[in-house]
Every structure is written in structure tokens, then in C-alpha cells.
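Student: Just so it is clear, I am handing over upload04.pdb, which has PDB, C-alpha atoms.
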```pdb
MODEL        1
ATOM      1  CA  MET P   1     115.923  96.893 120.040
ATOM      2  CA  GLY P   2     112.147  96.798 120.469
ATOM      3  CA  LEU P   3     109.303  98.144 118.410
ATOM      4  CA  TRP P   4     108.583 101.865 118.315
ATOM      5  CA  THR P   5     105.214 103.513 118.717
ATOM      6  CA  ILE P   6     103.814 105.357 115.727
ATOM      7  CA  GLY P   7     104.727 108.669 117.395
ATOM      8  CA  ALA P   8     108.357 107.719 117.972
ATOM      9  CA  PHE P   9     108.646 106.312 114.460
ATOM     10  CA  ALA P  10     107.035 109.428 112.987
ATOM     11  CA  ARG P  11     109.618 111.644 114.697
ATOM     12  CA  ALA P  12     112.525 109.457 113.591
ATOM     13  CA  SER P  13     111.330 109.192 109.990
ATOM     14  CA  ARG P  14     110.110 112.802 109.764
ATOM     15  CA  LEU P  15     106.703 111.576 108.609
ATOM     16  CA  SER P  16     103.473 112.467 110.340
ATOM     17  CA  PRO P  17     101.373 109.774 112.031
ATOM     18  CA  LYS P  18      98.649 110.650 109.500
ATOM     19  CA  ALA P  19     101.048 109.951 106.613
ATOM     20  CA  LEU P  20     102.129 106.674 108.228
ATOM     21  CA  ARG P  21      98.499 105.562 108.506
ATOM     22  CA  LEU P  22      97.930 106.432 104.832
ATOM     23  CA  TYR P  23     101.076 104.579 103.754
ATOM     24  CA  ASP P  24      99.922 101.562 105.768
ATOM     25  CA  ASP P  25      96.516 101.634 104.076
ATOM     26  CA  LEU P  26      98.210 101.758 100.662
ATOM     27  CA  GLY P  27     100.661  98.973 101.496
ATOM     28  CA  LEU P  28     103.694 101.256 101.161
ATOM     29  CA  LEU P  29     104.839 101.039 104.758
ATOM     30  CA  PRO P  30     102.890  98.527 106.836
ATOM     31  CA  PRO P  31     103.702  98.483 110.558
ATOM     32  CA  ALA P  32     105.637  95.586 112.040
ATOM     33  CA  HIS P  33     102.822  94.933 114.513
ATOM     34  CA  VAL P  34      99.264  96.132 115.057
ATOM     35  CA  ASP P  35      97.735  95.638 118.495
ATOM     36  CA  PRO P  36      94.631  93.497 117.907
ATOM     37  CA  SER P  37      92.577  95.118 120.665
ATOM     38  CA  THR P  38      93.435  98.784 120.086
ATOM     39  CA  GLY P  39      94.596  98.880 116.473
ATOM     40  CA  TYR P  40      97.676 100.823 117.589
ATOM     41  CA  ARG P  41     100.567 100.551 115.114
ATOM     42  CA  PHE P  42     104.139  99.687 116.064
ATOM     43  CA  TYR P  43     107.141  99.962 113.781
ATOM     44  CA  ASP P  44     110.518  98.264 113.746
ATOM     45  CA  PRO P  45     113.547 100.580 113.605
ATOM     46  CA  SER P  46     114.724  98.616 110.554
ATOM     47  CA  GLN P  47     111.798 100.179 108.633
ATOM     48  CA  LEU P  48     113.349 103.661 108.872
ATOM     49  CA  GLU P  49     115.280 103.335 105.615
ATOM     50  CA  ARG P  50     112.126 102.600 103.627
ATOM     51  CA  ALA P  51     110.194 105.338 105.449
ATOM     52  CA  ARG P  52     112.872 107.883 104.609
ATOM     53  CA  LEU P  53     112.885 106.749 100.976
ATOM     54  CA  VAL P  54     109.110 107.189 100.769
ATOM     55  CA  ALA P  55     109.352 110.632 102.386
ATOM     56  CA  TRP P  56     112.138 111.707 100.027
ATOM     57  CA  LEU P  57     110.255 110.553  96.920
ATOM     58  CA  ARG P  58     107.082 112.323  98.079
ATOM     59  CA  ARG P  59     109.028 115.553  98.563
ATOM     60  CA  LEU P  60     110.205 115.198  94.967
ATOM     61  CA  GLY P  61     106.557 115.004  93.925
ATOM     62  CA  MET P  62     106.451 111.345  92.924
ATOM     63  CA  PRO P  63     102.918 109.859  92.990
ATOM     64  CA  LEU P  64     102.215 107.220  95.647
ATOM     65  CA  ALA P  65     101.476 104.496  93.079
ATOM     66  CA  ARG P  66     104.870 105.003  91.482
ATOM     67  CA  ILE P  67     106.592 105.017  94.883
ATOM     68  CA  TRP P  68     105.026 101.626  95.574
ATOM     69  CA  HIS P  69     106.594 100.263  92.371
ATOM     70  CA  VAL P  70     109.985 101.780  93.222
ATOM     71  CA  CYS P  71     109.908 100.253  96.707
ATOM     72  CA  GLU P  72     109.107  96.823  95.267
ATOM     73  CA  LEU P  73     112.152  96.803  92.967
ATOM     74  CA  ASP P  74     115.049  94.551  93.879
ATOM     75  CA  ALA P  75     118.035  96.295  95.405
TER      76      ALA P  75
ENDMDL
END
```
When written as C-alpha cells, how does the structure in this file appear?

Tutor:
Amino acid sequence: MGLWTIGAFARASRLSPKALRLYDDLGLLPPAHVDPSTGYRFYDPSQLERARLVAWLRRLGMPLARIWHVCELDA
């Protein structure tokens, strides 16, 4: 399966493209590939689990810095 555009990934993860850009900037959910000429972000479908975790924790009101620490924990 190939990489998804930010729009397709946003729909699948139920996150907005704006949120995905913020999470990339913070290192929470970096894209699998960024086009060097356009800066367009592409995501791998395998990143959906982490994206859904981030979205769920945000809905619970967890701060982004704490989410970063949770995501870095070993399974």
C-alpha cells in the first residue's frame, strides 16, 4: 500500500490537516515523506494507530507535551 496524502490521512485518522501539521511541528506525528519541492506531507497507513492514539488523548484533554511522552513509551 502506498503513501496517503495529508487529506486522505486526515479523513482516516479523524484529525484535521491543521492538527497534523501541528503534530508534525511538535514531533508527535511526523509524516513518512515530505516532498522537497512543495513541502507536501505524505503519511503511511501504518501511522494510523499512533494518530488515533494522539486524537483520543487530546479528546481526553491531555496536554501535547504529555502525549509526546506517552507515545515515546515502550509498548

Student: Report, as AutoDock Vina command-line options, the centre and edge lengths in Å (one decimal) of the axis-aligned box enclosing every listed atom of region 46-61 of chain P, padded by 5 Å on each side.

Tutor:
```
--center_x 110.9 --center_y 107.1 --center_z 102.2 --size_x 18.7 --size_y 26.9 --size_z 26.6
```

Student: Where does the PyMOL selection byres ((chain P and resi 71) around 9) land in this file, that is, which residues does it pick, as a list in words?

Tutor: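 Applying the expression gives Leu28, Arg50, Leu53, Val54, Arg66, Ile67, Trp68, His69, Val70, Glu72, Leu73 and Asp74 of chain P.
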
Student: Apply the PyMOL selection byres ((chain P and resi 9) around 10) to the file shown and report the selected residues as a list in words.

Tutor: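 Taken over the shown coordinates, the PyMOL selection byres ((chain P and resi 9) around 10) returns Leu3, Trp4, Thr5, Ile6, Gly7, Ala8, Ala10, Arg11, Ala12, Ser13, Arg14, Leu15, Ser16, Pro17, Leu20, Arg41, Phe42, Tyr43, Asp44, Pro45, Gln47, Leu48 and Ala51 of chain P.
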
Student: Return the single residue from P:Glu49, P:Tyr40, P:Trp56, P:Ala65 that is closest to Gly27 (chain P), with distances computed using only C-alpha atoms.

Tutor: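 Closest candidate: P:Ala65.
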
Student: Just how far from CA of His33 (chain P) is CA of Met62 (chain P), in Å to one decimal?

Tutor: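 Separation between CA of Met62 (chain P) and CA of His33 (chain P): 27.4 Å.
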
Student: Expressed in Å to a single decimal, how great is the separation between CA of Leu26 (chain P) and CA of Leu64 (chain P)?

Tutor: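 About the pair CA of Leu26 (chain P) and CA of Leu64 (chain P): they are 8.4 Å apart.
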
Student: Could you rebuild region 36-53 of chain P with N, CA and C atoms and give it back as a compact mmCIF listing (two decimals), in the coordinates of the input?

Tutor:
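Saved file part_28.txt follows:
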```
# COMPACT_ATOMS: atom_id res chain seq x y z
N PRO P 36 95.95 93.97 118.33
CA PRO P 36 94.63 93.50 117.91
C PRO P 36 93.46 94.13 118.67
N SER P 37 93.69 94.55 119.88
CA SER P 37 92.58 95.12 120.66
C SER P 37 92.42 96.62 120.46
N THR P 38 93.53 97.33 120.22
CA THR P 38 93.44 98.78 120.09
C THR P 38 93.65 99.28 118.66
N GLY P 39 94.28 98.46 117.83
CA GLY P 39 94.60 98.88 116.47
C GLY P 39 95.82 99.78 116.40
N TYR P 40 96.51 99.96 117.54
CA TYR P 40 97.68 100.82 117.59
C TYR P 40 98.81 100.21 116.79
N ARG P 41 99.50 101.02 116.00
CA ARG P 41 100.57 100.55 115.11
C ARG P 41 101.93 100.69 115.79
N PHE P 42 102.77 99.68 115.57
CA PHE P 42 104.14 99.69 116.06
C PHE P 42 105.07 99.39 114.90
N TYR P 43 106.19 100.09 114.88
CA TYR P 43 107.14 99.96 113.78
C TYR P 43 108.49 99.49 114.29
N ASP P 44 109.18 98.73 113.44
CA ASP P 44 110.52 98.26 113.75
C ASP P 44 111.51 99.32 113.27
N PRO P 45 112.55 99.59 114.04
CA PRO P 45 113.55 100.58 113.60
C PRO P 45 114.16 100.26 112.24
N SER P 46 114.17 98.99 111.86
CA SER P 46 114.72 98.62 110.55
C SER P 46 113.88 99.15 109.40
N GLN P 47 112.68 99.63 109.67
CA GLN P 47 111.80 100.18 108.63
C GLN P 47 112.11 101.65 108.32
N LEU P 48 113.02 102.24 109.07
CA LEU P 48 113.35 103.66 108.87
C LEU P 48 113.88 103.95 107.47
N GLU P 49 114.71 103.08 106.94
CA GLU P 49 115.28 103.34 105.62
C GLU P 49 114.18 103.46 104.56
N ARG P 50 113.24 102.54 104.59
CA ARG P 50 112.13 102.60 103.63
C ARG P 50 111.26 103.83 103.88
N ALA P 51 111.01 104.17 105.13
CA ALA P 51 110.19 105.34 105.45
C ALA P 51 110.86 106.61 104.93
N ARG P 52 112.16 106.70 105.10
CA ARG P 52 112.87 107.88 104.61
C ARG P 52 112.88 107.95 103.09
N LEU P 53 112.96 106.79 102.44
CA LEU P 53 112.88 106.75 100.98
C LEU P 53 111.53 107.25 100.50
```
